[in-house]
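Participant: Contents of query39.cif (mmCIF, C-alpha atoms) are given next:
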```cif
data_final
#
loop_
_atom_site.group_PDB
_atom_site.id
_atom_site.type_symbol
_atom_site.label_atom_id
_atom_site.label_comp_id
_atom_site.auth_asym_id
_atom_site.auth_seq_id
_atom_site.Cartn_x
_atom_site.Cartn_y
_atom_site.Cartn_z
ATOM 1 C CA MET A 275 1.668 26.849 2.739
ATOM 2 C CA LEU A 276 -1.506 28.217 1.214
ATOM 3 C CA ASN A 277 -4.400 25.883 1.693
ATOM 4 C CA LYS A 278 -5.756 25.758 -1.832
ATOM 5 C CA PHE A 279 -8.050 22.834 -2.148
ATOM 6 C CA ASP A 280 -9.872 21.177 -4.974
ATOM 7 C CA ILE A 281 -11.907 18.063 -5.698
ATOM 8 C CA GLN A 282 -11.914 16.371 -9.092
ATOM 9 C CA ILE A 283 -14.553 13.768 -9.903
ATOM 10 C CA ARG A 284 -14.237 11.026 -12.490
ATOM 11 C CA ALA A 285 -17.535 9.167 -12.705
ATOM 12 C CA GLU A 286 -17.618 5.966 -14.732
ATOM 13 C CA GLN A 287 -20.526 3.566 -15.179
ATOM 14 C CA GLU A 288 -19.758 1.293 -12.205
ATOM 15 C CA TYR A 289 -17.747 3.533 -9.930
ATOM 16 C CA ALA A 290 -16.606 7.090 -9.281
ATOM 17 C CA VAL A 291 -13.278 8.529 -8.189
ATOM 18 C CA LEU A 292 -13.002 11.640 -6.035
ATOM 19 C CA GLU A 293 -9.517 13.121 -6.081
ATOM 20 C CA THR A 294 -8.713 15.707 -3.435
ATOM 21 C CA ALA A 295 -5.962 18.311 -3.468
ATOM 22 C CA GLY A 296 -4.971 20.367 -0.420
ATOM 23 C CA TYR A 297 -5.257 20.088 3.349
ATOM 24 C CA LEU A 298 -8.129 17.750 4.240
ATOM 25 C CA ASN A 299 -9.685 19.637 7.152
ATOM 26 C CA ASP A 300 -13.314 20.396 7.985
ATOM 27 C CA SER A 301 -13.740 22.694 4.945
ATOM 28 C CA LEU A 302 -12.419 20.305 2.311
ATOM 29 C CA GLY A 303 -14.001 17.392 4.187
ATOM 30 C CA GLU A 304 -17.472 18.980 4.026
ATOM 31 C CA GLN A 305 -17.093 19.646 0.305
ATOM 32 C CA LEU A 306 -15.914 16.089 -0.253
ATOM 33 C CA SER A 307 -18.816 14.720 1.771
ATOM 34 C CA LYS A 308 -21.306 16.779 -0.249
ATOM 35 C CA LYS A 309 -19.906 15.497 -3.549
ATOM 36 C CA ALA A 310 -19.809 11.902 -2.276
ATOM 37 C CA GLN A 311 -23.441 12.187 -1.106
ATOM 38 C CA GLU A 312 -24.464 13.500 -4.536
ATOM 39 C CA LEU A 313 -22.812 10.484 -6.169
ATOM 40 C CA ILE A 314 -24.435 8.086 -3.689
ATOM 41 C CA GLU A 315 -27.837 9.652 -4.371
ATOM 42 C CA LYS A 316 -27.234 9.095 -8.100
ATOM 43 C CA GLY A 317 -26.783 5.396 -7.323
ATOM 44 C CA TYR A 318 -23.018 5.062 -7.063
ATOM 45 C CA THR A 319 -22.064 2.557 -4.367
ATOM 46 C CA GLN A 320 -18.426 2.031 -5.341
ATOM 47 C CA LEU A 321 -16.295 5.077 -4.636
ATOM 48 C CA VAL A 322 -12.560 5.699 -4.650
ATOM 49 C CA ILE A 323 -11.066 8.624 -2.751
ATOM 50 C CA ASN A 324 -7.630 9.422 -4.148
ATOM 51 C CA LEU A 325 -5.550 11.334 -1.580
ATOM 52 C CA ASP A 326 -2.351 11.475 -3.619
ATOM 53 C CA LYS A 327 -2.444 15.297 -3.795
ATOM 54 C CA THR A 328 -3.473 15.714 -0.153
ATOM 55 C CA ALA A 329 -0.280 16.036 1.874
ATOM 56 C CA LEU A 330 -1.970 16.660 5.225
ATOM 57 C CA ILE A 331 -5.200 15.472 6.817
ATOM 58 C CA ASN A 332 -6.483 16.342 10.264
ATOM 59 C CA SER A 333 -8.699 14.194 12.473
ATOM 60 C CA ILE A 334 -11.762 16.348 11.695
ATOM 61 C CA GLY A 335 -11.226 15.593 8.004
ATOM 62 C CA ILE A 336 -10.868 11.902 8.813
ATOM 63 C CA SER A 337 -14.120 11.965 10.805
ATOM 64 C CA ILE A 338 -15.877 13.177 7.646
ATOM 65 C CA LEU A 339 -14.309 10.329 5.667
ATOM 66 C CA ILE A 340 -15.797 7.954 8.254
ATOM 67 C CA GLU A 341 -19.232 9.489 7.601
ATOM 68 C CA ILE A 342 -18.802 8.688 3.896
ATOM 69 C CA ILE A 343 -17.870 5.085 4.792
ATOM 70 C CA GLU A 344 -21.024 4.866 6.953
ATOM 71 C CA ALA A 345 -23.217 6.343 4.197
ATOM 72 C CA LEU A 346 -21.933 3.698 1.767
ATOM 73 C CA ASP A 347 -22.320 0.962 4.409
ATOM 74 C CA GLU A 348 -26.020 1.763 4.591
ATOM 75 C CA ARG A 349 -26.301 0.953 0.865
ATOM 76 C CA ASN A 350 -23.957 -2.044 0.971
ATOM 77 C CA GLY A 351 -21.425 0.024 -0.901
ATOM 78 C CA THR A 352 -17.639 0.148 -0.780
ATOM 79 C CA LEU A 353 -15.138 2.943 -0.328
ATOM 80 C CA ASN A 354 -11.536 2.393 -1.377
ATOM 81 C CA PHE A 355 -8.755 4.853 -0.598
ATOM 82 C CA CYS A 356 -5.564 5.284 -2.570
ATOM 83 C CA GLY A 357 -2.562 7.587 -2.671
ATOM 84 C CA LEU A 358 -2.036 7.680 1.102
ATOM 85 C CA SER A 359 1.346 8.516 2.567
ATOM 86 C CA ALA A 360 2.857 6.057 5.047
ATOM 87 C CA THR A 361 1.787 8.250 7.983
ATOM 88 C CA GLN A 362 -1.744 8.651 6.645
ATOM 89 C CA GLU A 363 -2.056 4.888 6.175
ATOM 90 C CA ARG A 364 -0.737 4.257 9.685
ATOM 91 C CA THR A 365 -3.279 6.726 11.091
ATOM 92 C CA PHE A 366 -6.144 5.194 9.093
ATOM 93 C CA ARG A 367 -5.228 1.725 10.358
ATOM 94 C CA MET A 368 -5.020 2.984 13.953
ATOM 95 C CA MET A 369 -8.531 4.456 13.595
ATOM 96 C CA ALA A 370 -9.886 1.106 12.296
ATOM 97 C CA ILE A 371 -10.757 2.659 8.931
ATOM 98 C CA ALA A 372 -8.899 -0.161 7.184
ATOM 99 C CA LYS A 373 -11.489 -2.610 8.569
ATOM 100 C CA TYR A 374 -14.378 -0.882 6.813
ATOM 101 C CA ALA A 375 -12.725 0.600 3.712
ATOM 102 C CA GLY A 376 -10.019 -0.545 1.324
ATOM 103 C CA ILE A 377 -6.561 1.013 1.256
ATOM 104 C CA TYR A 378 -4.615 0.622 -1.981
ATOM 105 C CA PRO A 379 -1.418 2.173 -3.304
ATOM 106 C CA ASP A 380 -2.869 3.648 -6.488
ATOM 107 C CA GLU A 381 -6.142 4.401 -8.260
ATOM 108 C CA LYS A 382 -5.889 1.513 -10.707
ATOM 109 C CA THR A 383 -5.534 -1.041 -7.885
ATOM 110 C CA ALA A 384 -8.298 0.620 -5.853
ATOM 111 C CA ILE A 385 -10.693 0.339 -8.808
ATOM 112 C CA ALA A 386 -9.645 -3.251 -9.559
ATOM 113 C CA ASN A 387 -10.491 -4.303 -5.997
ATOM 114 C CA PHE A 388 -14.210 -3.485 -5.873
ATOM 115 C CA MET B 245 12.980 15.447 28.521
ATOM 116 C CA GLU B 246 16.220 17.501 28.633
ATOM 117 C CA ASN B 247 19.112 15.146 28.066
ATOM 118 C CA ALA B 248 20.627 16.341 24.807
ATOM 119 C CA VAL B 249 22.598 19.405 23.747
ATOM 120 C CA LEU B 250 20.320 22.394 23.053
ATOM 121 C CA MET B 251 20.802 23.828 19.584
ATOM 122 C CA ASP B 252 17.873 26.209 19.062
ATOM 123 C CA GLU B 253 14.666 27.238 20.735
ATOM 124 C CA VAL B 254 11.885 28.811 18.695
ATOM 125 C CA CYS B 255 8.706 30.282 20.191
ATOM 126 C CA LEU B 256 5.512 30.787 18.220
ATOM 127 C CA THR B 257 2.100 32.084 19.254
ATOM 128 C CA ILE B 258 -0.859 31.347 17.013
ATOM 129 C CA PRO B 259 -4.457 32.537 17.299
ATOM 130 C CA MET B 260 -7.123 29.850 17.540
ATOM 131 C CA ASP B 261 -8.314 30.552 14.012
ATOM 132 C CA HIS B 262 -9.064 28.334 11.064
ATOM 133 C CA ASP B 263 -5.965 26.662 9.573
ATOM 134 C CA MET B 264 -3.572 28.383 12.009
ATOM 135 C CA GLU B 265 -2.430 24.890 12.987
ATOM 136 C CA LEU B 266 -0.769 24.775 9.556
ATOM 137 C CA VAL B 267 1.481 27.680 10.574
ATOM 138 C CA ALA B 268 2.602 25.711 13.625
ATOM 139 C CA ALA B 269 3.049 22.537 11.573
ATOM 140 C CA LYS B 270 5.057 24.332 8.874
ATOM 141 C CA THR B 271 7.389 25.838 11.482
ATOM 142 C CA GLY B 272 7.904 22.379 12.975
ATOM 143 C CA SER B 273 8.541 20.997 9.505
ATOM 144 C CA VAL B 274 11.292 23.554 8.777
ATOM 145 C CA LEU B 275 13.017 22.854 12.108
ATOM 146 C CA ALA B 276 12.759 19.112 11.517
ATOM 147 C CA GLU B 277 14.343 19.536 8.072
ATOM 148 C CA LEU B 278 17.218 21.426 9.689
ATOM 149 C CA ASN B 279 17.662 18.436 12.011
ATOM 150 C CA HIS B 280 17.817 16.051 9.047
ATOM 151 C CA PHE B 281 14.655 14.136 9.887
ATOM 152 C CA ASN B 282 13.483 12.053 6.942
ATOM 153 C CA GLU B 283 10.336 12.893 4.980
ATOM 154 C CA GLU B 284 8.134 10.435 6.879
ATOM 155 C CA GLN B 285 9.323 11.684 10.279
ATOM 156 C CA ILE B 286 8.701 15.295 9.225
ATOM 157 C CA GLU B 287 5.163 14.325 8.246
ATOM 158 C CA GLU B 288 4.660 12.610 11.615
ATOM 159 C CA ILE B 289 5.832 15.750 13.429
ATOM 160 C CA GLN B 290 3.404 17.870 11.392
ATOM 161 C CA TYR B 291 0.515 15.529 12.234
ATOM 162 C CA ALA B 292 1.354 15.611 15.949
ATOM 163 C CA ILE B 293 1.470 19.432 15.937
ATOM 164 C CA ILE B 294 -1.759 19.736 13.940
ATOM 165 C CA GLU B 295 -3.692 17.361 16.212
ATOM 166 C CA THR B 296 -2.432 18.961 19.419
ATOM 167 C CA CYS B 297 -3.252 22.479 18.192
ATOM 168 C CA ILE B 298 -6.737 21.418 17.031
ATOM 169 C CA ASN B 299 -7.398 19.867 20.445
ATOM 170 C CA ALA B 300 -6.518 23.176 22.069
ATOM 171 C CA PHE B 301 -8.690 25.107 19.574
ATOM 172 C CA GLU B 302 -11.696 22.845 20.173
ATOM 173 C CA HIS B 303 -11.546 22.022 23.862
ATOM 174 C CA SER B 304 -9.456 24.503 25.849
ATOM 175 C CA GLN B 305 -12.119 27.236 26.168
ATOM 176 C CA SER B 306 -9.224 29.631 26.698
ATOM 177 C CA GLU B 307 -10.163 33.290 26.995
ATOM 178 C CA ASP B 308 -7.123 34.585 25.109
ATOM 179 C CA ARG B 309 -7.835 32.200 22.178
ATOM 180 C CA LYS B 310 -4.135 31.612 21.633
ATOM 181 C CA VAL B 311 -1.822 28.611 21.526
ATOM 182 C CA TYR B 312 1.813 28.987 22.569
ATOM 183 C CA ILE B 313 4.352 26.665 21.001
ATOM 184 C CA ILE B 314 7.993 26.184 21.964
ATOM 185 C CA TYR B 315 10.122 24.145 19.581
ATOM 186 C CA ILE B 316 13.382 22.909 21.088
ATOM 187 C CA ARG B 317 15.817 21.630 18.511
ATOM 188 C CA ARG B 318 18.556 19.407 19.917
ATOM 189 C CA ALA B 319 21.304 17.439 18.166
ATOM 190 C CA ASP B 320 19.271 14.260 17.823
ATOM 191 C CA GLU B 321 15.685 15.262 18.490
ATOM 192 C CA LEU B 322 12.964 17.891 18.221
ATOM 193 C CA GLU B 323 10.756 18.674 21.200
ATOM 194 C CA CYS B 324 7.478 20.597 20.960
ATOM 195 C CA LYS B 325 5.656 22.076 23.941
ATOM 196 C CA ILE B 326 2.153 23.227 23.034
ATOM 197 C CA THR B 327 0.322 25.256 25.672
ATOM 198 C CA ASP B 328 -3.100 26.812 26.042
ATOM 199 C CA ASN B 329 -4.427 28.889 28.917
ATOM 200 C CA GLY B 330 -7.756 27.094 28.980
ATOM 201 C CA VAL B 331 -9.744 25.161 31.550
ATOM 202 C CA GLY B 332 -7.680 21.959 31.385
ATOM 203 C CA PHE B 333 -9.056 18.458 31.311
ATOM 204 C CA THR B 334 -8.987 15.184 33.191
ATOM 205 C CA PRO B 335 -8.791 11.635 31.804
ATOM 206 C CA GLU B 336 -12.530 11.318 32.655
ATOM 207 C CA ASP B 337 -13.327 14.341 30.471
ATOM 208 C CA GLN B 338 -11.485 12.710 27.617
ATOM 209 C CA HIS B 339 -13.246 9.371 28.128
ATOM 210 C CA ASN B 340 -16.689 11.032 28.224
ATOM 211 C CA SER B 341 -15.929 13.053 25.103
ATOM 212 C CA ILE B 342 -14.897 9.906 23.223
ATOM 213 C CA SER B 343 -17.948 7.936 24.419
ATOM 214 C CA GLN B 344 -20.276 10.562 22.962
ATOM 215 C CA ARG B 345 -18.732 10.304 19.524
ATOM 216 C CA GLN B 346 -19.280 6.723 18.465
ATOM 217 C CA GLY B 347 -20.327 6.020 14.920
ATOM 218 C CA ILE B 348 -22.023 2.949 13.444
ATOM 219 C CA HIS B 349 -18.935 0.822 14.176
ATOM 220 C CA SER B 350 -17.766 1.194 17.774
ATOM 221 C CA ASP B 351 -14.107 0.599 16.902
ATOM 222 C CA MET B 352 -14.215 3.276 14.187
ATOM 223 C CA ARG B 353 -15.209 6.243 16.344
ATOM 224 C CA LYS B 354 -15.238 9.575 14.599
ATOM 225 C CA ARG B 355 -13.541 11.911 17.041
ATOM 226 C CA GLY B 356 -11.316 11.992 20.093
ATOM 227 C CA TRP B 357 -8.242 10.659 18.289
ATOM 228 C CA GLY B 358 -5.924 13.667 18.470
ATOM 229 C CA LEU B 359 -3.890 12.746 21.541
ATOM 230 C CA GLU B 360 -3.764 9.068 20.597
ATOM 231 C CA ILE B 361 -2.425 9.907 17.143
ATOM 232 C CA THR B 362 0.205 12.198 18.645
ATOM 233 C CA LYS B 363 1.271 9.587 21.228
ATOM 234 C CA THR B 364 1.603 6.928 18.538
ATOM 235 C CA LEU B 365 3.615 9.048 16.137
ATOM 236 C CA MET B 366 6.044 10.529 18.690
ATOM 237 C CA ASP B 367 8.809 8.883 20.751
ATOM 238 C CA GLU B 368 7.994 10.626 24.045
ATOM 239 C CA PHE B 369 4.731 12.220 25.116
ATOM 240 C CA ASP B 370 3.543 14.059 28.216
ATOM 241 C CA ILE B 371 0.520 16.118 29.292
ATOM 242 C CA GLU B 372 0.281 18.575 32.155
ATOM 243 C CA SER B 373 -3.226 19.890 32.627
ATOM 244 C CA GLY B 374 -4.832 21.970 35.342
ATOM 245 C CA GLU B 375 -7.320 24.763 35.877
ATOM 246 C CA ASN B 376 -4.916 27.273 34.298
ATOM 247 C CA GLY B 377 -4.394 25.391 31.077
ATOM 248 C CA THR B 378 -2.766 22.469 29.373
ATOM 249 C CA THR B 379 0.703 21.790 28.030
ATOM 250 C CA VAL B 380 1.249 18.850 25.715
ATOM 251 C CA SER B 381 4.918 17.996 25.192
ATOM 252 C CA PHE B 382 6.341 15.505 22.764
ATOM 253 C CA ILE B 383 9.688 14.516 21.344
ATOM 254 C CA LYS B 384 10.618 13.001 18.020
ATOM 255 C CA LYS B 385 14.075 11.489 17.799
ATOM 256 C CA VAL B 386 16.167 11.506 14.644
ATOM 257 C CA THR B 387 16.617 7.970 13.391
ATOM 258 C CA SER B 388 18.404 6.974 10.216
#
```
Starting from the file, lay out its structure as structure tokens.
Facilitator:
Amino acid sequence: MLNKFDIQIRAEQEYAVLETAGYLNDSLGEQLSKKAQELIEKGYTQLVINLDKTALINSIGISILIEIIEALDERNGTLNFCGLSATQERTFRMMAIAKYAGIYPDEKTAIANF
Amino acid sequence: MENAVLMDEVCLTIPMDHDMELVAAKTGSVLAELNHFNEEQIEEIQYAIIETCINAFEHSQSEDRKVYIIYIRRADELECKITDNGVGFTPEDQHNSISQRQGIHSDMRKRGWGLEITKTLMDEFDIESGENGTTVSFIKKVTS
């Protein structure tokens, strides 16, 4: 299991989608955070993080996702997640992430629910 | 935790290096597949192994910088025993560590979730910790 990771960004007028691929650990998390911060600084306050191609996440990676939620909170923004596995969703709900960010099955629904 | 017929025992030692927890998780995943766990259960086992290994990497302060994993595959379950030779911890240590890691929302703390995640995802869970190290044991049972 090589940990090849990648982040694709699709920025539209009203929102931006960050799609991760690979193990979401501290390394990928830091890169994701940097890209999310760049988008926030450009004025984006509606972000989707699509985890469909991320099979595994560790709690350090999740802590970085929480930092992105907090950064958007400060600007009255919204973060919606999509593409989570059942275990990932269960973990996110346990960590109260579902209270402060949206969780949707796919990208289209995540975008429609801003 | 030893009530079923033993089928296989696999031992693995990993260094406390970046992403080595994936090696432990992958090994657990292969053994779980052999035991006919479903996809979701295999993922849960991987998460439990990853979180337990990361805890050892971050907090054990072990001099040998290694984690020792025993996988015990029985007819209807997989047990993992994950050991470090570090300084051990007490429930107070864990509470203090969690208290220092609050974010903006107190119920959405950033760190200190590893053991809780593992406990939630597994069917049985146990910790033995002392001045010579810590062993976290957990069992996932095969369910249809």
Participant: Distance cut-off 6 Å, counting only C-alpha atoms - which residues of chain A neighbour chain B? Return them as an MDAnalysis selection string.
Facilitator: chainID A and resid 337 369:370
Participant: Once the PyMOL selection byres ((chain A and resi 371) around 12) has been evaluated on this model, what residues remain selected, and can you format them as a count of residues only?
Facilitator: 34
Participant: Name the residues in contact with Asp280 in chain A at a cut-off of 7 Å, using all atoms listed in the file, excluding same-chain residues fewer than 5 positions from it; report them as a PyMOL selection string.
Facilitator: chain A and resi 294-296
Participant: Could you expand the PyMOL selection byres ((chain A and resi 308-313) around 12) into the explicit residues it covers here, written as a PyMOL selection string?
Facilitator: chain A and resi 280-294+301-307+314-323+338-346+349+351+353
Participant: Between B:Glu277, B:Asp261, B:Glu302, B:Glu283, which residue has the minimum interatomic distance to Gly332 in chain B, considering all atoms listed in the file?
Facilitator: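 Of the candidates, the smallest distance to Gly332 in chain B is held by B:Glu302.
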Participant: Can you tell me how far CA of Asn332 in chain A sits from CA of Ser373 in chain B, in Å to one decimal?
Facilitator: 22.9 Å
Participant: Determine the residue membership of the PyMOL selection byres ((chain A and resi 378) around 9) for the file above and supply it as a list in words.
Facilitator: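 So the PyMOL selection byres ((chain A and resi 378) around 9), applied here, picks out Asn354, Phe355, Cys356, Gly357, Leu358, Gly376, Ile377, Pro379, Asp380, Glu381, Lys382, Thr383, Ala384 and Asn387 of chain A.
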Participant: Which one is closest to Ser306 in chain B: B:Leu275, B:Ile383, B:Val331, B:Ala268? Count all atoms listed in the file.
Facilitator: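 Smallest distance to Ser306 in chain B is found for B:Val331.
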Participant: Kindly write all heavy atoms of range 321-332 of chain B from the structure just given to a file, as a PDB file, in the first residue's frame.
Facilitator:
```pdb
ATOM      1  N   GLU B 321     -13.130 -14.705  15.007  1.00  0.00           N
ATOM      2  CA  GLU B 321     -12.675 -13.380  15.463  1.00  0.00           C
ATOM      3  C   GLU B 321     -11.201 -13.143  15.138  1.00  0.00           C
ATOM      4  O   GLU B 321     -10.451 -14.086  14.852  1.00  0.00           O
ATOM      5  CB  GLU B 321     -12.893 -13.236  16.977  1.00  0.00           C
ATOM      6  CG  GLU B 321     -12.075 -14.201  17.808  1.00  0.00           C
ATOM      7  CD  GLU B 321     -12.435 -14.176  19.289  1.00  0.00           C
ATOM      8  OE1 GLU B 321     -13.602 -13.914  19.620  1.00  0.00           O
ATOM      9  OE2 GLU B 321     -11.530 -14.429  20.103  1.00  0.00           O
ATOM     10  N   LEU B 322     -10.819 -11.884  15.191  1.00  0.00           N
ATOM     11  CA  LEU B 322      -9.402 -11.508  15.057  1.00  0.00           C
ATOM     12  C   LEU B 322      -9.034 -10.675  16.273  1.00  0.00           C
ATOM     13  O   LEU B 322      -9.720  -9.710  16.608  1.00  0.00           O
ATOM     14  CB  LEU B 322      -9.189 -10.676  13.780  1.00  0.00           C
ATOM     15  CG  LEU B 322      -7.753 -10.194  13.540  1.00  0.00           C
ATOM     16  CD1 LEU B 322      -6.819 -11.367  13.226  1.00  0.00           C
ATOM     17  CD2 LEU B 322      -7.710  -9.190  12.381  1.00  0.00           C
ATOM     18  N   GLU B 323      -7.965 -11.093  16.955  1.00  0.00           N
ATOM     19  CA  GLU B 323      -7.483 -10.322  18.102  1.00  0.00           C
ATOM     20  C   GLU B 323      -6.151  -9.672  17.731  1.00  0.00           C
ATOM     21  O   GLU B 323      -5.314 -10.279  17.069  1.00  0.00           O
ATOM     22  CB  GLU B 323      -7.287 -11.239  19.319  1.00  0.00           C
ATOM     23  CG  GLU B 323      -6.749 -10.471  20.530  1.00  0.00           C
ATOM     24  CD  GLU B 323      -6.723 -11.288  21.815  1.00  0.00           C
ATOM     25  OE1 GLU B 323      -7.038 -12.502  21.781  1.00  0.00           O
ATOM     26  OE2 GLU B 323      -6.382 -10.706  22.854  1.00  0.00           O
ATOM     27  N   CYS B 324      -5.967  -8.434  18.165  1.00  0.00           N
ATOM     28  CA  CYS B 324      -4.688  -7.738  17.972  1.00  0.00           C
ATOM     29  C   CYS B 324      -4.164  -7.305  19.326  1.00  0.00           C
ATOM     30  O   CYS B 324      -4.934  -6.754  20.135  1.00  0.00           O
ATOM     31  CB  CYS B 324      -4.861  -6.500  17.093  1.00  0.00           C
ATOM     32  SG  CYS B 324      -5.438  -6.853  15.452  1.00  0.00           S
ATOM     33  N   LYS B 325      -2.889  -7.579  19.579  1.00  0.00           N
ATOM     34  CA  LYS B 325      -2.241  -7.108  20.801  1.00  0.00           C
ATOM     35  C   LYS B 325      -1.091  -6.212  20.363  1.00  0.00           C
ATOM     36  O   LYS B 325      -0.164  -6.672  19.697  1.00  0.00           O
ATOM     37  CB  LYS B 325      -1.702  -8.283  21.616  1.00  0.00           C
ATOM     38  CG  LYS B 325      -2.786  -9.207  22.132  1.00  0.00           C
ATOM     39  CD  LYS B 325      -2.173 -10.326  22.954  1.00  0.00           C
ATOM     40  CE  LYS B 325      -3.283 -11.218  23.487  1.00  0.00           C
ATOM     41  NZ  LYS B 325      -2.917 -11.941  24.687  1.00  0.00           N
ATOM     42  N   ILE B 326      -1.175  -4.951  20.719  1.00  0.00           N
ATOM     43  CA  ILE B 326      -0.205  -3.952  20.238  1.00  0.00           C
ATOM     44  C   ILE B 326       0.565  -3.416  21.438  1.00  0.00           C
ATOM     45  O   ILE B 326      -0.008  -2.819  22.349  1.00  0.00           O
ATOM     46  CB  ILE B 326      -0.939  -2.837  19.458  1.00  0.00           C
ATOM     47  CG1 ILE B 326      -1.701  -3.459  18.278  1.00  0.00           C
ATOM     48  CG2 ILE B 326       0.040  -1.756  19.008  1.00  0.00           C
ATOM     49  CD1 ILE B 326      -2.467  -2.494  17.407  1.00  0.00           C
ATOM     50  N   THR B 327       1.877  -3.661  21.432  1.00  0.00           N
ATOM     51  CA  THR B 327       2.703  -3.389  22.616  1.00  0.00           C
ATOM     52  C   THR B 327       3.836  -2.413  22.299  1.00  0.00           C
ATOM     53  O   THR B 327       4.450  -2.495  21.238  1.00  0.00           O
ATOM     54  CB  THR B 327       3.318  -4.716  23.136  1.00  0.00           C
ATOM     55  OG1 THR B 327       2.260  -5.595  23.474  1.00  0.00           O
ATOM     56  CG2 THR B 327       4.215  -4.497  24.344  1.00  0.00           C
ATOM     57  N   ASP B 328       4.076  -1.513  23.235  1.00  0.00           N
ATOM     58  CA  ASP B 328       5.301  -0.704  23.177  1.00  0.00           C
ATOM     59  C   ASP B 328       6.033  -0.853  24.502  1.00  0.00           C
ATOM     60  O   ASP B 328       5.441  -1.221  25.506  1.00  0.00           O
ATOM     61  CB  ASP B 328       4.973   0.771  22.889  1.00  0.00           C
ATOM     62  CG  ASP B 328       4.191   1.422  24.013  1.00  0.00           C
ATOM     63  OD1 ASP B 328       4.748   1.579  25.120  1.00  0.00           O
ATOM     64  OD2 ASP B 328       3.019   1.784  23.799  1.00  0.00           O
ATOM     65  N   ASN B 329       7.326  -0.588  24.470  1.00  0.00           N
ATOM     66  CA  ASN B 329       8.133  -0.679  25.690  1.00  0.00           C
ATOM     67  C   ASN B 329       8.381   0.713  26.276  1.00  0.00           C
ATOM     68  O   ASN B 329       9.481   1.032  26.719  1.00  0.00           O
ATOM     69  CB  ASN B 329       9.475  -1.377  25.396  1.00  0.00           C
ATOM     70  CG  ASN B 329       9.271  -2.839  25.033  1.00  0.00           C
ATOM     71  OD1 ASN B 329       8.324  -3.475  25.496  1.00  0.00           O
ATOM     72  ND2 ASN B 329      10.140  -3.371  24.177  1.00  0.00           N
ATOM     73  N   GLY B 330       7.369   1.533  26.242  1.00  0.00           N
ATOM     74  CA  GLY B 330       7.520   2.918  26.691  1.00  0.00           C
ATOM     75  C   GLY B 330       7.234   3.117  28.162  1.00  0.00           C
ATOM     76  O   GLY B 330       7.263   2.164  28.955  1.00  0.00           O
ATOM     77  N   VAL B 331       6.887   4.354  28.501  1.00  0.00           N
ATOM     78  CA  VAL B 331       6.765   4.742  29.914  1.00  0.00           C
ATOM     79  C   VAL B 331       5.379   4.456  30.501  1.00  0.00           C
ATOM     80  O   VAL B 331       5.165   4.638  31.695  1.00  0.00           O
ATOM     81  CB  VAL B 331       7.078   6.246  30.103  1.00  0.00           C
ATOM     82  CG1 VAL B 331       8.521   6.532  29.706  1.00  0.00           C
ATOM     83  CG2 VAL B 331       6.123   7.124  29.276  1.00  0.00           C
ATOM     84  N   GLY B 332       4.436   4.012  29.642  1.00  0.00           N
ATOM     85  CA  GLY B 332       3.093   3.738  30.138  1.00  0.00           C
ATOM     86  C   GLY B 332       2.314   5.013  30.400  1.00  0.00           C
ATOM     87  O   GLY B 332       2.831   6.122  30.249  1.00  0.00           O
TER      88      GLY B 332
END
```
